[in-house]
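Quick look at query-v1.cif (mmCIF, C-alpha atoms):
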data_structure
#
loop_
_atom_site.group_PDB
_atom_site.id
_atom_site.type_symbol
_atom_site.label_atom_id
_atom_site.label_comp_id
_atom_site.auth_asym_id
_atom_site.auth_seq_id
_atom_site.Cartn_x
_atom_site.Cartn_y
_atom_site.Cartn_z
ATOM 1 C CA ALA D 1 45.255 27.886 225.617
ATOM 2 C CA GLY D 2 46.214 26.065 228.801
ATOM 3 C CA PRO D 3 48.808 23.367 229.182
ATOM 4 C CA MET D 4 48.363 20.111 227.283
ATOM 5 C CA PRO D 5 46.900 17.298 229.435
ATOM 6 C CA TRP D 6 49.576 14.928 230.730
ATOM 7 C CA ARG D 7 48.150 11.930 228.825
ATOM 8 C CA ALA D 8 48.369 13.827 225.540
ATOM 9 C CA ARG D 9 51.927 14.964 226.391
ATOM 10 C CA THR D 10 52.899 11.388 227.241
ATOM 11 C CA ALA D 11 51.411 10.022 224.010
ATOM 12 C CA LEU D 12 53.162 12.710 221.961
ATOM 13 C CA THR D 13 56.489 12.047 223.693
ATOM 14 C CA VAL D 14 56.275 8.317 223.064
ATOM 15 C CA GLU D 15 55.305 8.839 219.428
ATOM 16 C CA ARG D 16 58.237 11.195 218.845
ATOM 17 C CA ALA D 17 60.686 8.899 220.655
ATOM 18 C CA SER D 18 60.162 6.258 217.945
ATOM 19 C CA ASP D 19 59.569 3.542 220.507
ATOM 20 C CA GLY D 20 57.066 0.847 219.737
ATOM 21 C CA ILE D 21 54.649 -0.087 222.503
ATOM 22 C CA TRP D 22 52.842 -3.302 223.219
ATOM 23 C CA GLU D 23 50.458 -4.013 226.061
ATOM 24 C CA TRP D 24 49.708 -7.455 227.425
ATOM 25 C CA ASN D 25 46.553 -8.426 229.309
ATOM 26 C CA VAL D 26 48.037 -11.101 231.584
ATOM 27 C CA LYS D 27 44.734 -12.858 232.319
ATOM 28 C CA SER D 28 43.486 -13.175 228.725
ATOM 29 C CA GLY D 29 46.894 -13.321 227.052
ATOM 30 C CA ALA D 30 45.808 -10.675 224.538
ATOM 31 C CA VAL D 31 48.444 -8.285 223.226
ATOM 32 C CA ASP D 32 47.756 -4.867 221.704
ATOM 33 C CA CYS D 33 50.619 -3.461 219.618
ATOM 34 C CA SER D 34 51.042 0.159 218.566
ATOM 35 C CA PRO D 35 51.332 0.989 214.859
ATOM 36 C CA ARG D 36 54.940 2.111 215.506
ATOM 37 C CA TRP D 37 55.829 -1.280 217.046
ATOM 38 C CA LYS D 38 54.348 -3.096 214.053
ATOM 39 C CA ALA D 39 56.155 -0.794 211.618
ATOM 40 C CA MET D 40 59.472 -1.258 213.436
ATOM 41 C CA LEU D 41 59.180 -5.018 212.869
ATOM 42 C CA SER D 42 57.535 -4.837 209.423
ATOM 43 C CA LEU D 43 54.383 -6.417 210.818
ATOM 44 C CA ALA D 44 51.758 -3.944 209.631
ATOM 45 C CA GLU D 45 49.822 -6.730 207.885
ATOM 46 C CA THR D 46 50.651 -9.477 210.398
ATOM 47 C CA PRO D 47 48.474 -9.852 213.487
ATOM 48 C CA VAL D 48 50.223 -10.140 216.838
ATOM 49 C CA LEU D 49 47.210 -10.821 218.999
ATOM 50 C CA SER D 50 48.524 -12.825 221.927
ATOM 51 C CA ILE D 51 51.529 -13.198 224.169
ATOM 52 C CA GLU D 52 52.138 -16.532 222.424
ATOM 53 C CA ASP D 53 52.473 -14.684 219.084
ATOM 54 C CA TRP D 54 55.120 -12.472 220.707
ATOM 55 C CA ARG D 55 56.921 -15.479 222.262
ATOM 56 C CA THR D 56 57.193 -17.223 218.894
ATOM 57 C CA ARG D 57 58.906 -14.112 217.477
ATOM 58 C CA LEU D 58 61.747 -14.315 220.016
ATOM 59 C CA HIS D 59 65.059 -15.476 218.558
ATOM 60 C CA PRO D 60 65.694 -19.105 219.601
ATOM 61 C CA ASP D 61 69.019 -18.142 221.220
ATOM 62 C CA ASP D 62 67.341 -15.394 223.291
ATOM 63 C CA ARG D 63 63.987 -17.013 224.085
ATOM 64 C CA ALA D 64 64.748 -18.911 227.315
ATOM 65 C CA ALA D 65 66.625 -16.023 228.966
ATOM 66 C CA VAL D 66 64.039 -13.383 227.993
ATOM 67 C CA LEU D 67 61.114 -15.501 229.188
ATOM 68 C CA LEU D 68 62.894 -16.296 232.466
ATOM 69 C CA ARG D 69 63.594 -12.595 233.104
ATOM 70 C CA LEU D 70 60.020 -11.646 232.253
ATOM 71 C CA ASP D 71 58.699 -14.369 234.567
ATOM 72 C CA ASN D 72 61.052 -13.245 237.373
ATOM 73 C CA TYR D 73 59.830 -9.677 236.954
ATOM 74 C CA LEU D 74 56.175 -10.720 237.030
ATOM 75 C CA LYS D 75 56.768 -12.781 240.185
ATOM 76 C CA GLY D 76 58.495 -9.823 241.840
ATOM 77 C CA VAL D 77 61.896 -11.550 242.005
ATOM 78 C CA THR D 78 63.394 -8.661 240.026
ATOM 79 C CA SER D 79 62.356 -5.026 240.189
ATOM 80 C CA ARG D 80 62.133 -4.352 236.451
ATOM 81 C CA PHE D 81 61.969 -5.842 232.974
ATOM 82 C CA ASP D 82 64.784 -4.270 230.944
ATOM 83 C CA GLU D 83 66.146 -6.575 228.226
ATOM 84 C CA GLN D 84 67.883 -6.561 224.843
ATOM 85 C CA TYR D 85 66.958 -9.359 222.461
ATOM 86 C CA ARG D 86 66.022 -10.186 218.890
ATOM 87 C CA LEU D 87 62.509 -10.428 217.451
ATOM 88 C CA ARG D 88 61.574 -11.962 214.104
ATOM 89 C CA GLN D 89 60.317 -9.376 211.649
ATOM 90 C CA GLY D 90 57.649 -9.867 209.014
ATOM 91 C CA ASN D 91 60.337 -10.765 206.444
ATOM 92 C CA GLY D 92 61.750 -13.547 208.663
ATOM 93 C CA GLN D 93 64.913 -11.636 209.608
ATOM 94 C CA TYR D 94 65.651 -10.767 213.230
ATOM 95 C CA ARG D 95 65.848 -7.239 214.640
ATOM 96 C CA TRP D 96 67.413 -6.205 217.951
ATOM 97 C CA VAL D 97 65.152 -4.354 220.389
ATOM 98 C CA HIS D 98 65.639 -2.980 223.867
ATOM 99 C CA SER D 99 62.502 -3.602 225.942
ATOM 100 C CA ARG D 100 61.552 -1.746 229.096
ATOM 101 C CA GLY D 101 58.376 -2.983 230.703
ATOM 102 C CA ALA D 102 56.206 -2.096 233.644
ATOM 103 C CA ALA D 103 53.535 -4.260 235.238
ATOM 104 C CA ILE D 104 50.299 -2.829 236.546
ATOM 105 C CA ARG D 105 49.498 -4.873 239.621
ATOM 106 C CA HIS D 106 46.559 -5.660 241.883
ATOM 107 C CA ALA D 107 46.862 -4.702 245.549
ATOM 108 C CA SER D 108 48.022 -8.295 246.132
ATOM 109 C CA GLY D 109 51.014 -7.650 243.863
ATOM 110 C CA ALA D 110 49.784 -9.938 241.075
ATOM 111 C CA PRO D 111 50.240 -8.323 237.633
ATOM 112 C CA TYR D 112 47.195 -7.869 235.440
ATOM 113 C CA ARG D 113 48.667 -5.723 232.642
ATOM 114 C CA VAL D 114 52.173 -5.277 231.316
ATOM 115 C CA VAL D 115 53.126 -2.275 229.179
ATOM 116 C CA VAL D 116 56.387 -2.562 227.244
ATOM 117 C CA MET D 117 58.250 0.060 225.232
ATOM 118 C CA ASP D 118 60.606 -1.398 222.601
ATOM 119 C CA ASN D 119 63.417 0.690 221.182
ATOM 120 C CA ASP D 120 65.016 -0.361 217.884
ATOM 121 C CA ILE D 121 68.734 -0.916 218.650
ATOM 122 C CA HIS D 122 69.521 -3.008 215.581
ATOM 123 C CA ALA D 123 72.038 -0.611 213.991
ATOM 124 C CA ARG D 124 73.986 -0.269 217.257
ATOM 125 C CA LYS D 125 74.104 -4.051 217.738
ATOM 126 C CA GLU D 126 75.391 -4.542 214.180
ATOM 127 C CA ILE D 127 78.227 -2.089 214.878
ATOM 128 C CA GLU D 128 79.045 -3.871 218.158
ATOM 129 C CA THR D 129 79.180 -7.220 216.346
ATOM 130 C CA THR D 130 81.448 -5.773 213.657
ATOM 131 C CA LEU D 131 83.851 -4.368 216.234
ATOM 132 C CA ILE D 132 83.927 -7.649 218.162
ATOM 133 C CA GLU D 133 84.680 -9.582 214.959
ATOM 134 C CA ALA D 134 87.497 -7.172 214.137
ATOM 135 C CA ALA D 135 88.952 -7.372 217.663
ATOM 136 C CA GLU D 136 88.854 -11.183 217.719
ATOM 137 C CA GLY D 137 91.024 -11.295 214.614
ATOM 138 C CA LEU D 138 93.590 -8.945 216.161
ATOM 139 C CA SER D 139 94.106 -10.368 219.631
ATOM 140 C CA ALA D 140 97.273 -12.363 218.846
ATOM 141 C CA VAL D 141 99.164 -9.918 216.586
ATOM 142 C CA SER D 142 101.289 -6.814 217.099
ATOM 143 C CA GLY D 143 103.510 -4.384 215.197
ATOM 144 C CA THR D 144 103.231 -4.344 211.409
ATOM 145 C CA SER D 145 101.254 -7.580 211.495
ATOM 146 C CA PHE D 146 98.650 -5.815 213.659
ATOM 147 C CA TYR D 147 98.048 -3.062 211.103
ATOM 148 C CA GLN D 148 97.832 -5.569 208.273
ATOM 149 C CA ALA D 149 95.419 -7.793 210.216
ATOM 150 C CA LEU D 150 93.358 -4.697 211.125
ATOM 151 C CA LEU D 151 93.076 -3.609 207.503
ATOM 152 C CA ARG D 152 92.299 -7.112 206.245
ATOM 153 C CA SER D 153 89.583 -7.513 208.866
ATOM 154 C CA LEU D 154 88.003 -4.071 208.418
ATOM 155 C CA SER D 155 88.144 -4.306 204.631
ATOM 156 C CA SER D 156 86.337 -7.646 204.772
ATOM 157 C CA ILE D 157 83.724 -6.528 207.308
ATOM 158 C CA LEU D 158 83.042 -3.153 205.698
ATOM 159 C CA GLY D 159 83.453 -4.280 202.088
ATOM 160 C CA THR D 160 85.932 -1.508 201.237
ATOM 161 C CA ARG D 161 88.481 -1.581 198.414
ATOM 162 C CA ASP D 162 91.128 0.965 199.505
ATOM 163 C CA ASN D 163 92.218 1.008 203.150
ATOM 164 C CA LEU D 164 94.844 3.091 204.901
ATOM 165 C CA VAL D 165 96.276 3.303 208.417
ATOM 166 C CA PHE D 166 98.353 6.403 209.097
ATOM 167 C CA TYR D 167 99.316 8.803 211.847
ATOM 168 C CA CYS D 168 99.981 12.529 211.911
ATOM 169 C CA VAL D 169 103.622 13.507 212.429
ATOM 170 C CA ALA D 170 103.236 17.226 212.970
ATOM 171 C CA ASP D 171 101.103 19.571 215.010
ATOM 172 C CA PRO D 172 99.033 20.980 213.410
ATOM 173 C CA SER D 173 98.502 17.809 211.413
ATOM 174 C CA SER D 174 99.877 18.840 208.041
ATOM 175 C CA THR D 175 101.981 15.699 207.481
ATOM 176 C CA ALA D 176 101.064 12.042 207.857
ATOM 177 C CA ARG D 177 103.064 8.822 207.880
ATOM 178 C CA THR D 178 101.481 5.736 206.327
ATOM 179 C CA LEU D 179 101.667 2.611 208.450
ATOM 180 C CA SER D 180 99.863 0.270 206.083
ATOM 181 C CA TYR D 181 97.945 0.472 202.794
ATOM 182 C CA TYR D 182 95.683 -2.371 201.636
ATOM 183 C CA THR D 183 93.928 -2.327 198.270
ATOM 184 C CA ARG D 184 92.250 -5.040 196.203
ATOM 185 C CA GLY D 185 93.428 -7.770 198.579
ATOM 186 C CA GLU D 186 97.097 -6.718 198.530
ATOM 187 C CA PHE D 187 99.380 -4.673 200.761
ATOM 188 C CA THR D 188 101.483 -2.088 198.969
ATOM 189 C CA GLU D 189 104.743 -0.507 200.031
ATOM 190 C CA ASN D 190 104.539 2.715 202.014
#
Write out the structure in this file as structure tokens.
Amino acid sequence: AGPMPWRARTALTVERASDGIWEWNVKSGAVDCSPRWKAMLSLAETPVLSIEDWRTRLHPDDRAAVLLRLDNYLKGVTSRFDEQYRLRQGNGQYRWVHSRGAAIRHASGAPYRVVVMDNDIHARKEIETTLIEAAEGLSAVSGTSFYQALLRSLSSILGTRDNLVFYCVADPSSTARTLSYYTRGEFTEN
């Protein structure tokens, strides 16, 4: 058999990449969402039929900036639409996505279709938020207080019971020295 047609290869690549795709008809406002996009946002039973449906799913804190960047892209002020923002899922919770969009334009430059690939980046954003929270609690401490603040913060964020900070004192690392041990809300002696 000969090589697979490029459209079939493209469709297969997108499907395997786990990106959800939505396509917007700029003139009519209609939006067509792929099954993967709907599944990513738990919207299999919820119709997203228009650009207005999509706009209402934008997180209130992200909405103005995302719409401004999309508008700037459509007007040709910026060369691409590449944004990270939160969309409301079918259960009412918000999920982080990374959108990369491309407009299909008339010869005049006016867009008539926009195709967007959304990648689910929710897990990565949750980790970033956790690390920022931990760092904010540590900015004003040092020495032993630093290790205790680190363990308190990480234990709270991660919901762990036993927490240990240590360093290796030999090479190869056959011996370790405990810097701080935090368990059940208390620090114990080394």
Can you tell me which residues surround Asp82 of chain D at a distance of at most 8 Å, considering all atoms listed in the file, apart from same-chain residues fewer than 6 positions away, and format the answer as an NGL selection string? :D and (98-101)
Kindly save the residues from that selection, with C-alpha atoms included, as a short mmCIF file (atom, residue, chain, number, x, y, z; two decimals), keeping the file's coordinate frame.
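As a result, result.cif now contains:
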data_model
loop_
_atom_site.label_atom_id
_atom_site.label_comp_id
_atom_site.auth_asym_id
_atom_site.auth_seq_id
_atom_site.Cartn_x
_atom_site.Cartn_y
_atom_site.Cartn_z
CA HIS D 98 65.64 -2.98 223.87
CA SER D 99 62.50 -3.60 225.94
CA ARG D 100 61.55 -1.75 229.10
CA GLY D 101 58.38 -2.98 230.70
#
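Close to (92.2, -3.7, 208.6), meaning no more than 10 Å away when counting all atoms listed in the file, sit the residues D:Ala134, D:Gly137, D:Leu138, D:Phe146, D:Tyr147, D:Gln148, D:Ala149, D:Leu150, D:Leu151, D:Arg152, D:Ser153, D:Leu154, D:Ser155, D:Ser156, D:Ile157, D:Leu158, D:Thr160, D:Asn163, D:Leu164, D:Val165, D:Ser180, D:Tyr181, D:Tyr182.
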Tell me which residues the PyMOL selection byres ((chain D and resi 73) around 12) grabs here, as number ranges by chain. D: 66-72, 74-83, 100-105, 109-111, 114
Given only C-alpha atoms as the basis, pick out the residue of D:Ala170, D:Leu179, D:Met40, D:Leu87 nearest to Asp53 of chain D. D:Leu87
Hey, what comes out of the PyMOL selection byres ((chain D and resi 36) around 8) on this file? Could you write it as a JSON list (two decimals) with C-alpha atoms, keeping the file's coordinate frame?
[["chain", "number", "residue", "atom", "x", "y", "z"],
["D", 15, "GLU", "CA", 55.30, 8.84, 219.43],
["D", 18, "SER", "CA", 60.16, 6.26, 217.94],
["D", 19, "ASP", "CA", 59.57, 3.54, 220.51],
["D", 20, "GLY", "CA", 57.07, 0.85, 219.74],
["D", 21, "ILE", "CA", 54.65, -0.09, 222.50],
["D", 34, "SER", "CA", 51.04, 0.16, 218.57],
["D", 35, "PRO", "CA", 51.33, 0.99, 214.86],
["D", 37, "TRP", "CA", 55.83, -1.28, 217.05],
["D", 38, "LYS", "CA", 54.35, -3.10, 214.05],
["D", 39, "ALA", "CA", 56.16, -0.79, 211.62],
["D", 40, "MET", "CA", 59.47, -1.26, 213.44]]
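Taking atom CA of Ile127 of chain D and atom CA of Gln93 of chain D as endpoints, the distance between them is 17.2 Å.
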Select, from D:Val26, D:Asp171, D:Gln89, D:Met117, the residue with the minimum atom-to-atom distance to Thr56 of chain D, counting all atoms listed in the file. D:Gln89
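Distances to Thr46 of chain D were evaluated for D:Arg63, D:Arg95, D:Arg88, D:Arg113 using only C-alpha atoms, and the minimum falls at D:Arg88.
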4 Å per side around segment 50-59 of chain D: axis-aligned box centre and edge lengths, as AutoDock Vina command-line options:
--center_x 56.8 --center_y -14.8 --center_z 220.8 --size_x 24.5 --size_y 12.8 --size_z 14.7
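The two atoms in question, atom CA of Ala64 of chain D and atom CA of Ile51 of chain D, are spaced 14.7 Å apart.
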Hey, what's within 12 Å of Arg124 of chain D if we count all atoms listed in the file and toss same-chain stuff fewer than 6 positions away? As a ChimeraX atom specification, please? /D:84,95-98,130-131
Enter the distance from atom CA of Trp24 of chain D to atom CA of Trp54 of chain D, in Å, rounded to one decimal. 10.0 Å
Distance query Tyr94 of chain D at most 10 Å, all atoms listed in the file, self and fewer than 4 positions along chain excluded, as a PyMOL selection string: chain D and resi 41+57-59+85-90+122
Between D:Arg55, D:Val116, D:Asn91, D:Ser108, which has the minimum distance to Cys33 of chain D (counting all atoms listed in the file)? D:Val116
